[in-house]
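Here's input_20.pdb, which has PDB, C-alpha atoms and all ligand atoms:
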```pdb
ATOM      1  CA  MET A   1      74.116 337.460 -46.436
ATOM      2  CA  LYS A   2      72.125 337.577 -49.687
ATOM      3  CA  ASN A   3      73.720 336.845 -53.077
ATOM      4  CA  ILE A   4      73.065 339.740 -55.449
ATOM      5  CA  VAL A   5      73.358 339.025 -59.178
ATOM      6  CA  VAL A   6      73.382 342.124 -61.404
ATOM      7  CA  LEU A   7      72.272 341.944 -65.058
ATOM      8  CA  VAL A   8      73.695 344.578 -67.410
ATOM      9  CA  SER A   9      73.884 345.449 -71.107
ATOM     10  CA  GLY A  10      75.854 348.693 -71.395
ATOM     11  CA  GLY A  11      77.882 351.335 -69.616
ATOM     12  CA  GLY A  12      77.119 350.102 -66.135
ATOM     13  CA  THR A  13      76.961 353.359 -64.177
ATOM     14  CA  ASN A  14      74.193 351.879 -62.045
ATOM     15  CA  LEU A  15      76.338 348.806 -61.445
ATOM     16  CA  GLN A  16      79.138 351.175 -60.395
ATOM     17  CA  ALA A  17      76.805 352.908 -57.946
ATOM     18  CA  LEU A  18      76.027 349.500 -56.414
ATOM     19  CA  ILE A  19      79.718 348.542 -56.240
ATOM     20  CA  ASP A  20      80.610 351.881 -54.573
ATOM     21  CA  SER A  21      77.718 351.631 -52.179
ATOM     22  CA  GLU A  22      78.730 348.108 -51.161
ATOM     23  CA  ALA A  23      82.341 349.288 -50.670
ATOM     24  CA  ARG A  24      81.061 352.034 -48.327
ATOM     25  CA  GLY A  25      79.183 349.395 -46.298
ATOM     26  CA  GLU A  26      75.807 350.793 -47.302
ATOM     27  CA  ILE A  27      74.365 347.547 -48.622
ATOM     28  CA  LYS A  28      73.379 345.775 -45.465
ATOM     29  CA  ASN A  29      73.228 341.981 -45.566
ATOM     30  CA  GLY A  30      73.980 341.686 -49.293
ATOM     31  CA  LYS A  31      76.970 341.114 -51.574
ATOM     32  CA  ILE A  32      77.273 341.387 -55.366
ATOM     33  CA  THR A  33      78.432 337.893 -56.282
ATOM     34  CA  CYS A  34      78.116 337.920 -60.071
ATOM     35  CA  VAL A  35      77.474 340.227 -63.032
ATOM     36  CA  ILE A  36      75.760 338.806 -66.108
ATOM     37  CA  SER A  37      75.906 340.751 -69.384
ATOM     38  CA  SER A  38      73.761 340.352 -72.493
ATOM     39  CA  ASN A  39      76.425 342.219 -74.450
ATOM     40  CA  PRO A  40      80.048 340.994 -74.694
ATOM     41  CA  ASP A  41      81.290 344.585 -75.240
ATOM     42  CA  ALA A  42      79.513 346.169 -72.278
ATOM     43  CA  TYR A  43      81.791 348.497 -70.300
ATOM     44  CA  ALA A  44      79.954 347.240 -67.223
ATOM     45  CA  LEU A  45      82.016 344.043 -67.508
ATOM     46  CA  GLU A  46      85.212 346.045 -66.957
ATOM     47  CA  ARG A  47      83.710 347.757 -63.934
ATOM     48  CA  ALA A  48      82.854 344.345 -62.442
ATOM     49  CA  ALA A  49      86.302 342.917 -63.197
ATOM     50  CA  LYS A  50      87.980 345.957 -61.565
ATOM     51  CA  ALA A  51      85.937 345.335 -58.444
ATOM     52  CA  GLY A  52      86.890 341.645 -58.427
ATOM     53  CA  ILE A  53      83.366 340.442 -59.191
ATOM     54  CA  SER A  54      82.951 337.374 -61.383
ATOM     55  CA  THR A  55      81.301 337.952 -64.763
ATOM     56  CA  VAL A  56      79.310 335.812 -67.166
ATOM     57  CA  VAL A  57      78.396 336.835 -70.733
ATOM     58  CA  ILE A  58      75.217 335.404 -72.237
ATOM     59  CA  PRO A  59      74.972 337.239 -75.584
ATOM     60  CA  ARG A  60      71.403 338.099 -76.556
ATOM     61  CA  LYS A  61      72.385 337.921 -80.225
ATOM     62  CA  GLU A  62      73.110 334.203 -79.969
ATOM     63  CA  PHE A  63      69.498 333.385 -79.111
ATOM     64  CA  GLY A  64      66.618 333.582 -81.564
ATOM     65  CA  ASP A  65      63.787 334.373 -79.188
ATOM     66  CA  SER A  66      63.186 335.734 -75.719
ATOM     67  CA  VAL A  67      62.104 332.368 -74.274
ATOM     68  CA  SER A  68      65.282 330.497 -75.175
ATOM     69  CA  TYR A  69      67.357 333.468 -73.991
ATOM     70  CA  SER A  70      65.467 333.629 -70.712
ATOM     71  CA  LYS A  71      66.008 329.890 -70.147
ATOM     72  CA  ALA A  72      69.768 330.422 -70.432
ATOM     73  CA  ILE A  73      69.574 333.332 -67.966
ATOM     74  CA  LEU A  74      67.450 331.226 -65.607
ATOM     75  CA  ALA A  75      69.997 328.388 -65.621
ATOM     76  CA  GLU A  76      72.785 330.840 -64.713
ATOM     77  CA  LEU A  77      70.738 332.508 -61.948
ATOM     78  CA  ASP A  78      70.032 329.099 -60.420
ATOM     79  CA  LYS A  79      73.705 328.163 -60.669
ATOM     80  CA  GLN A  80      74.674 331.420 -58.939
ATOM     81  CA  LYS A  81      72.132 330.785 -56.145
ATOM     82  CA  ALA A  82      70.798 334.308 -56.618
ATOM     83  CA  ASP A  83      68.747 335.717 -53.737
ATOM     84  CA  LEU A  84      68.241 339.068 -55.494
ATOM     85  CA  ILE A  85      68.533 339.909 -59.182
ATOM     86  CA  VAL A  86      69.098 343.534 -60.155
ATOM     87  CA  LEU A  87      68.447 344.712 -63.713
ATOM     88  CA  ALA A  88      70.845 347.658 -63.986
ATOM     89  CA  GLY A  89      70.510 348.895 -67.554
ATOM     90  CA  PHE A  90      69.570 345.413 -68.788
ATOM     91  CA  MET A  91      67.962 345.937 -72.170
ATOM     92  CA  THR A  92      66.185 342.615 -72.667
ATOM     93  CA  ILE A  93      62.700 341.737 -71.461
ATOM     94  CA  LEU A  94      62.758 338.478 -69.509
ATOM     95  CA  ASP A  95      60.204 335.757 -70.149
ATOM     96  CA  LYS A  96      57.898 334.561 -67.396
ATOM     97  CA  CYS A  97      60.025 331.427 -66.866
ATOM     98  CA  VAL A  98      62.380 333.817 -65.019
ATOM     99  CA  THR A  99      59.910 336.336 -63.572
ATOM    100  CA  GLU A 100      57.641 333.630 -62.099
ATOM    101  CA  LYS A 101      60.436 331.613 -60.500
ATOM    102  CA  TYR A 102      62.037 334.767 -59.075
ATOM    103  CA  SER A 103      58.819 336.560 -58.246
ATOM    104  CA  TYR A 104      59.478 339.653 -56.037
ATOM    105  CA  LYS A 105      63.203 338.883 -56.233
ATOM    106  CA  ILE A 106      63.997 340.901 -59.370
ATOM    107  CA  ILE A 107      64.438 344.680 -59.132
ATOM    108  CA  ASN A 108      64.657 347.007 -62.143
ATOM    109  CA  VAL A 109      65.616 350.658 -62.482
ATOM    110  CA  HIS A 110      63.548 352.530 -65.059
ATOM    111  CA  PRO A 111      64.516 356.112 -66.014
ATOM    112  CA  ALA A 112      61.031 357.674 -65.806
ATOM    113  CA  LEU A 113      58.150 358.029 -63.394
ATOM    114  CA  ILE A 114      56.156 354.835 -64.028
ATOM    115  CA  PRO A 115      53.388 354.614 -65.309
ATOM    116  CA  SER A 116      54.628 357.355 -67.681
ATOM    117  CA  PHE A 117      57.124 356.682 -70.486
ATOM    118  CA  CYS A 118      57.489 352.966 -69.832
ATOM    119  CA  GLY A 119      56.727 349.563 -71.306
ATOM    120  CA  GLU A 120      58.082 347.908 -74.424
ATOM    121  CA  GLY A 121      60.241 350.181 -76.574
ATOM    122  CA  PHE A 122      60.931 352.651 -73.726
ATOM    123  CA  TYR A 123      64.544 352.182 -72.732
ATOM    124  CA  GLY A 124      67.724 354.220 -72.417
ATOM    125  CA  LEU A 125      67.792 357.612 -74.143
ATOM    126  CA  LYS A 126      64.443 356.988 -75.894
ATOM    127  CA  VAL A 127      62.640 357.440 -72.588
ATOM    128  CA  HIS A 128      64.078 360.933 -72.160
ATOM    129  CA  GLU A 129      63.411 361.861 -75.798
ATOM    130  CA  LYS A 130      59.735 360.966 -75.291
ATOM    131  CA  ALA A 131      59.477 362.857 -71.993
ATOM    132  CA  LEU A 132      60.927 366.035 -73.590
ATOM    133  CA  GLU A 133      58.755 365.583 -76.682
ATOM    134  CA  TYR A 134      55.672 365.452 -74.460
ATOM    135  CA  GLY A 135      56.722 368.530 -72.522
ATOM    136  CA  VAL A 136      56.440 367.189 -68.971
ATOM    137  CA  LYS A 137      57.907 369.465 -66.289
ATOM    138  CA  VAL A 138      59.215 366.767 -63.965
ATOM    139  CA  SER A 139      60.673 363.350 -64.664
ATOM    140  CA  GLY A 140      62.684 360.905 -62.594
ATOM    141  CA  ALA A 141      63.317 357.229 -62.044
ATOM    142  CA  THR A 142      61.463 354.277 -60.599
ATOM    143  CA  ILE A 143      62.830 351.250 -58.786
ATOM    144  CA  HIS A 144      60.328 348.415 -59.057
ATOM    145  CA  PHE A 145      59.886 344.671 -58.890
ATOM    146  CA  VAL A 146      59.805 342.882 -62.220
ATOM    147  CA  ASN A 147      56.827 340.774 -63.250
ATOM    148  CA  GLU A 148      55.715 339.280 -66.582
ATOM    149  CA  GLU A 149      54.634 342.677 -67.976
ATOM    150  CA  ALA A 150      57.292 345.255 -68.948
ATOM    151  CA  ASP A 151      57.746 347.960 -66.267
ATOM    152  CA  ALA A 152      54.490 346.966 -64.532
ATOM    153  CA  GLY A 153      55.655 345.373 -61.258
ATOM    154  CA  ALA A 154      55.186 346.852 -57.797
ATOM    155  CA  ILE A 155      56.934 350.191 -57.278
ATOM    156  CA  ILE A 156      59.493 350.306 -54.438
ATOM    157  CA  LEU A 157      60.960 353.830 -54.679
ATOM    158  CA  GLN A 158      60.623 356.844 -56.988
ATOM    159  CA  GLY A 159      62.468 360.140 -57.177
ATOM    160  CA  THR A 160      62.007 363.237 -59.307
ATOM    161  CA  VAL A 161      64.013 365.961 -61.042
ATOM    162  CA  ASN A 162      62.801 369.177 -62.667
ATOM    163  CA  ILE A 163      63.031 369.587 -66.423
ATOM    164  CA  GLU A 164      64.741 372.733 -67.709
ATOM    165  CA  ASN A 165      63.742 374.558 -70.917
ATOM    166  CA  ASP A 166      67.002 373.809 -72.711
ATOM    167  CA  ASP A 167      67.287 370.123 -71.730
ATOM    168  CA  THR A 168      68.477 367.574 -74.280
ATOM    169  CA  PRO A 169      67.805 363.849 -73.781
ATOM    170  CA  GLU A 170      71.453 363.388 -72.799
ATOM    171  CA  VAL A 171      71.391 366.189 -70.204
ATOM    172  CA  LEU A 172      68.136 364.935 -68.712
ATOM    173  CA  GLN A 173      69.401 361.353 -68.620
ATOM    174  CA  ARG A 174      72.491 362.426 -66.705
ATOM    175  CA  ARG A 175      70.479 364.537 -64.218
ATOM    176  CA  ILE A 176      68.158 361.606 -63.496
ATOM    177  CA  MET A 177      71.033 359.172 -63.110
ATOM    178  CA  GLU A 178      73.027 361.400 -60.745
ATOM    179  CA  ASN A 179      70.137 362.605 -58.626
ATOM    180  CA  VAL A 180      67.884 359.585 -58.570
ATOM    181  CA  GLU A 181      69.085 356.295 -60.081
ATOM    182  CA  TRP A 182      72.538 356.082 -58.478
ATOM    183  CA  LYS A 183      71.035 356.885 -55.065
ATOM    184  CA  LEU A 184      67.753 354.991 -55.066
ATOM    185  CA  LEU A 185      68.922 351.747 -56.677
ATOM    186  CA  PRO A 186      71.507 350.958 -53.950
ATOM    187  CA  LYS A 187      68.982 352.075 -51.320
ATOM    188  CA  ALA A 188      66.309 349.676 -52.641
ATOM    189  CA  VAL A 189      68.850 346.853 -52.856
ATOM    190  CA  SER A 190      69.822 347.354 -49.223
ATOM    191  CA  LEU A 191      66.176 347.540 -48.125
ATOM    192  CA  PHE A 192      65.527 344.239 -49.927
ATOM    193  CA  CYS A 193      68.555 342.544 -48.361
ATOM    194  CA  GLU A 194      67.454 343.741 -44.911
ATOM    195  CA  ASP A 195      63.968 342.223 -45.547
ATOM    196  CA  ARG A 196      62.397 345.661 -45.152
ATOM    197  CA  ILE A 197      60.164 345.521 -48.247
ATOM    198  CA  SER A 198      56.803 343.843 -47.878
ATOM    199  CA  ILE A 199      54.097 343.146 -50.413
ATOM    200  CA  ARG A 200      50.462 343.783 -49.573
ATOM    201  CA  ASN A 201      47.715 343.517 -52.219
ATOM    202  CA  GLY A 202      50.328 343.503 -54.974
ATOM    203  CA  LYS A 203      51.922 346.763 -53.783
ATOM    204  CA  ALA A 204      55.367 347.173 -52.225
ATOM    205  CA  TYR A 205      55.820 348.962 -48.901
ATOM    206  CA  VAL A 206      59.048 349.872 -47.112
ATOM    207  CA  ASP A 207      58.709 349.008 -43.406
TER
HETATM  208  C1  LIG A 301      69.846 353.799 -67.080
HETATM  209  O1  LIG A 301      69.397 355.105 -67.231
HETATM  210  C2  LIG A 301      68.692 352.863 -66.776
HETATM  211  O2  LIG A 301      67.718 353.464 -65.973
HETATM  212  C3  LIG A 301      68.147 352.604 -68.157
HETATM  213  O3  LIG A 301      69.279 352.504 -68.983
HETATM  214  C4  LIG A 301      70.382 353.233 -68.410
HETATM  215  C5  LIG A 301      71.542 352.293 -68.235
HETATM  216  O4  LIG A 301      72.676 352.975 -67.819
HETATM  217  N1  LIG A 301      67.364 351.421 -68.171
HETATM  218  C6  LIG A 301      66.314 351.249 -68.983
HETATM  219  O5  LIG A 301      65.969 352.060 -69.813
HETATM  220  C7  LIG A 301      65.562 349.928 -68.804
HETATM  221  N2  LIG A 301      64.235 350.025 -69.359
HETATM  222  P1  LIG A 301      73.903 352.232 -67.114
HETATM  223  O6  LIG A 301      74.293 351.031 -67.986
HETATM  224  O7  LIG A 301      74.981 353.275 -67.110
HETATM  225  O8  LIG A 301      73.486 351.832 -65.725
END
```
Could I get this file's structure written as structure tokens?
Ligand code: GAR
Amino acid sequence: MKNIVVLVSGGGTNLQALIDSEARGEIKNGKITCVISSNPDAYALERAAKAGISTVVIPRKEFGDSVSYSKAILAELDKQKADLIVLAGFMTILDKCVTEKYSYKIINVHPALIPSFCGEGFYGLKVHEKALEYGVKVSGATIHFVNEEADAGAIILQGTVNIENDDTPEVLQRRIMENVEWKLLPKAVSLFCEDRISIRNGKAYVD
């Protein structure tokens, strides 16, 4: 059974999707053992507590730079004996001291079709604002491995939604969450825990 550690910063609807999926027995060979939050006020912490999952808060604000913050995260991940780390609405970019040690063991959900609308500065609602501003006709979400470059690791799963003429960033965000993120993130987590994702030439394949 693999130890899954989930990193969060906000509302935690993706964390909730993972909790519900685990409760339904859909995460094969994995268990959420800890939730780490960068934000002491994140509602995600309440979701974890309600599900009986232990929580740790490592406030981003208490650290000057990304390297010292990442070192604190790394120490906690080691302590938790994490087999898989899931970034579920985690709004901090991790330094390579974490991404190298946990290479191909960190999964992120990004609310756009990578390589569009991604990279530094593209997070949360901003991603959807930019997609609508550009006028794309489909958007979606990407589940990918995390490496040292923001949103650039191997893609595991992607799903799409259509964009409607009267969409607002909030409406689009919700459509992508409901139709793609909350389904594909638990699916990718289960595939990882079942050892069904392999890496060939830097790309991820589901076997
Ligand atoms: C989700 O839409 C997630 O894809 C996005 O933030 C939201 C968090 O919601 N993540 C990023 O933008 C990371 N670059 P949640 O806290 O309700 O899961």
Could you pull the residues within 7 Å of Val35 of chain A, counting only C-alpha atoms, minus those fewer than 4 positions along the same chain, as a list in words?
Val5, Val6, Leu7, Ala48, Ser54, Thr55 and Val56 of chain A
Name the residues captured by the PyMOL selection byres (((chain A and resi 143) around 8) and not hetatm) when it is applied to the shown file; answer as a list in words.
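Matching residues under the PyMOL selection byres (((chain A and resi 143) around 8) and not hetatm) are Ile107, Asn108, Val109, His110, Ala141, Thr142, His144, Phe145, Ile155, Ile156, Leu157, Gln158, Leu184, Leu185 and Ala188 of chain A.
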From the list A:Phe192, A:Tyr43, A:Tyr123, A:Tyr205, which residue is nearest ligand LIG 301 (chain A) when using all atoms listed in the file?
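Counting all atoms listed in the file, the residue closest to ligand LIG 301 (chain A) is A:Tyr123.
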Please evaluate the PyMOL selection byres (((not hetatm)) within 8 of (chain A and resi 301)) against the displayed coordinates and give the resulting residues as an MDAnalysis selection string.
chainID A and resid 8:16 44 87:91 108:112 118:119 122:127 141 151 173:174 176:177 181
So which one's closest to Ser68 of chain A, A:Asp20, A:Lys96, A:Gly52, A:Gly159? Using all atoms listed in the file, please.
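The answer is A:Lys96, which sits nearest to Ser68 of chain A.
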Would you mind telling me which residue in A:Asp167, A:Glu148, A:Glu194, A:Glu26 lies nearest to Cys97 of chain A when using only C-alpha atoms?
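Nearest candidate to Cys97 of chain A out of A:Asp167, A:Glu148, A:Glu194, A:Glu26: A:Glu148.
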For the PyMOL selection byres (((chain A and resi 132) around 9) and not hetatm), applied here, can you spell out every residue it catches as a VMD selection string?
chain A and resid 127 to 131 133 to 137 163 167 to 169 172
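Atom CA of Ile4 of chain A is found 15.8 Å from atom CA of Lys101 of chain A.
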Using only C-alpha atoms - which residues lie no farther than 10 Å from the point (77.7, 335.0, -69.2) in the file's frame? Write them as an mmCIF file with C-alpha atoms, in the coordinates of the input.
```cif
data_model
loop_
_atom_site.group_PDB
_atom_site.id
_atom_site.type_symbol
_atom_site.label_atom_id
_atom_site.label_comp_id
_atom_site.auth_asym_id
_atom_site.auth_seq_id
_atom_site.Cartn_x
_atom_site.Cartn_y
_atom_site.Cartn_z
ATOM 1 C CA LEU A 7 72.272 341.944 -65.058
ATOM 2 C CA CYS A 34 78.116 337.920 -60.071
ATOM 3 C CA VAL A 35 77.474 340.227 -63.032
ATOM 4 C CA ILE A 36 75.760 338.806 -66.108
ATOM 5 C CA SER A 37 75.906 340.751 -69.384
ATOM 6 C CA SER A 38 73.761 340.352 -72.493
ATOM 7 C CA ASN A 39 76.425 342.219 -74.450
ATOM 8 C CA PRO A 40 80.048 340.994 -74.694
ATOM 9 C CA SER A 54 82.951 337.374 -61.383
ATOM 10 C CA THR A 55 81.301 337.952 -64.763
ATOM 11 C CA VAL A 56 79.310 335.812 -67.166
ATOM 12 C CA VAL A 57 78.396 336.835 -70.733
ATOM 13 C CA ILE A 58 75.217 335.404 -72.237
ATOM 14 C CA PRO A 59 74.972 337.239 -75.584
ATOM 15 C CA ALA A 72 69.768 330.422 -70.432
ATOM 16 C CA ILE A 73 69.574 333.332 -67.966
ATOM 17 C CA GLU A 76 72.785 330.840 -64.713
#
```
Just the number, please: distance in Å from atom CA of Lys203 of chain A to atom CA of Met1 of chain A, one decimal.
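Here the two named atoms are 25.2 Å from each other.
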Nearest residue to Asp207 of chain A out of A:Val180, A:Ile106, A:Asp195, A:Asn147, using only C-alpha atoms?
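Comparing A:Val180, A:Ile106, A:Asp195, A:Asn147 against Asp207 of chain A, the winner is A:Asp195.
Atom CA of Lys2 of chain A lies 26.3 Å from atom CA of Glu178 of chain A.
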Pick out the closest residue to Asp95 of chain A from this set: A:Ala51, A:Glu120, A:Leu45, A:Glu149. Count all atoms listed in the file.
A:Glu149
When you count all atoms listed in the file, which of these residues is closest to Val189 of chain A: A:Lys71, A:Arg60, A:Lys81, A:Lys105?
A:Lys105
Since the input lacks atoms, please generate N, CA and C atoms for segment 36-69 of chain A and provide them as a short mmCIF file (atom, residue, chain, number, x, y, z; two decimals), in the coordinates of the input.
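File written: result_35.cif
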```
data_model
loop_
_atom_site.label_atom_id
_atom_site.label_comp_id
_atom_site.auth_asym_id
_atom_site.auth_seq_id
_atom_site.Cartn_x
_atom_site.Cartn_y
_atom_site.Cartn_z
N ILE A 36 76.06 339.48 -64.84
CA ILE A 36 75.76 338.81 -66.11
C ILE A 36 75.46 339.88 -67.16
N SER A 37 76.12 339.77 -68.32
CA SER A 37 75.91 340.75 -69.38
C SER A 37 75.29 340.10 -70.62
N SER A 38 74.35 340.83 -71.23
CA SER A 38 73.76 340.35 -72.49
C SER A 38 74.62 340.79 -73.68
N ASN A 39 75.62 341.62 -73.39
CA ASN A 39 76.42 342.22 -74.45
C ASN A 39 77.92 342.01 -74.13
N PRO A 40 78.63 341.29 -74.99
CA PRO A 40 80.05 340.99 -74.69
C PRO A 40 80.92 342.24 -74.61
N ASP A 41 80.48 343.36 -75.23
CA ASP A 41 81.29 344.58 -75.24
C ASP A 41 80.88 345.59 -74.17
N ALA A 42 80.01 345.21 -73.28
CA ALA A 42 79.51 346.17 -72.28
C ALA A 42 80.65 346.64 -71.37
N TYR A 43 80.75 347.96 -71.19
CA TYR A 43 81.79 348.50 -70.30
C TYR A 43 81.54 348.06 -68.86
N ALA A 44 80.31 347.73 -68.56
CA ALA A 44 79.95 347.24 -67.22
C ALA A 44 80.81 346.03 -66.83
N LEU A 45 81.19 345.22 -67.81
CA LEU A 45 82.02 344.04 -67.51
C LEU A 45 83.38 344.45 -66.95
N GLU A 46 83.92 345.56 -67.48
CA GLU A 46 85.21 346.04 -66.96
C GLU A 46 85.06 346.58 -65.53
N ARG A 47 83.95 347.24 -65.30
CA ARG A 47 83.71 347.76 -63.93
C ARG A 47 83.66 346.60 -62.94
N ALA A 48 82.97 345.51 -63.33
CA ALA A 48 82.85 344.34 -62.44
C ALA A 48 84.23 343.73 -62.21
N ALA A 49 84.98 343.54 -63.31
CA ALA A 49 86.30 342.92 -63.20
C ALA A 49 87.21 343.74 -62.27
N LYS A 50 87.15 345.08 -62.41
CA LYS A 50 87.98 345.96 -61.56
C LYS A 50 87.63 345.80 -60.09
N ALA A 51 86.39 345.49 -59.83
CA ALA A 51 85.94 345.34 -58.44
C ALA A 51 86.10 343.89 -57.96
N GLY A 52 86.65 343.03 -58.83
CA GLY A 52 86.89 341.64 -58.43
C GLY A 52 85.63 340.80 -58.39
N ILE A 53 84.63 341.20 -59.16
CA ILE A 53 83.37 340.44 -59.19
C ILE A 53 83.37 339.53 -60.42
N SER A 54 82.93 338.29 -60.25
CA SER A 54 82.95 337.37 -61.38
C SER A 54 81.90 337.78 -62.41
N THR A 55 82.20 337.53 -63.68
CA THR A 55 81.30 337.95 -64.76
C THR A 55 80.95 336.76 -65.66
N VAL A 56 79.77 336.82 -66.21
CA VAL A 56 79.31 335.81 -67.17
C VAL A 56 78.68 336.58 -68.33
N VAL A 57 79.02 336.20 -69.57
CA VAL A 57 78.40 336.84 -70.73
C VAL A 57 77.45 335.83 -71.38
N ILE A 58 76.19 336.23 -71.50
CA ILE A 58 75.22 335.40 -72.24
C ILE A 58 74.68 336.32 -73.35
N PRO A 59 75.30 336.26 -74.54
CA PRO A 59 74.97 337.24 -75.58
C PRO A 59 73.55 337.07 -76.11
N ARG A 60 72.79 338.15 -76.07
CA ARG A 60 71.40 338.10 -76.56
C ARG A 60 71.35 337.70 -78.03
N LYS A 61 72.37 338.15 -78.77
CA LYS A 61 72.39 337.92 -80.22
C LYS A 61 72.46 336.44 -80.59
N GLU A 62 72.96 335.63 -79.66
CA GLU A 62 73.11 334.20 -79.97
C GLU A 62 71.83 333.40 -79.79
N PHE A 63 70.76 334.07 -79.35
CA PHE A 63 69.50 333.38 -79.11
C PHE A 63 68.42 333.99 -80.00
N GLY A 64 67.62 333.11 -80.63
CA GLY A 64 66.62 333.58 -81.56
C GLY A 64 65.49 334.33 -80.89
N ASP A 65 64.99 333.77 -79.80
CA ASP A 65 63.79 334.37 -79.19
C ASP A 65 64.00 334.59 -77.70
N SER A 66 63.07 335.34 -77.12
CA SER A 66 63.19 335.73 -75.72
C SER A 66 63.07 334.53 -74.78
N VAL A 67 62.29 333.52 -75.17
CA VAL A 67 62.10 332.37 -74.27
C VAL A 67 63.40 331.57 -74.15
N SER A 68 64.05 331.28 -75.27
CA SER A 68 65.28 330.50 -75.18
C SER A 68 66.37 331.31 -74.47
N TYR A 69 66.38 332.63 -74.70
CA TYR A 69 67.36 333.47 -73.99
C TYR A 69 67.09 333.45 -72.48
#
```
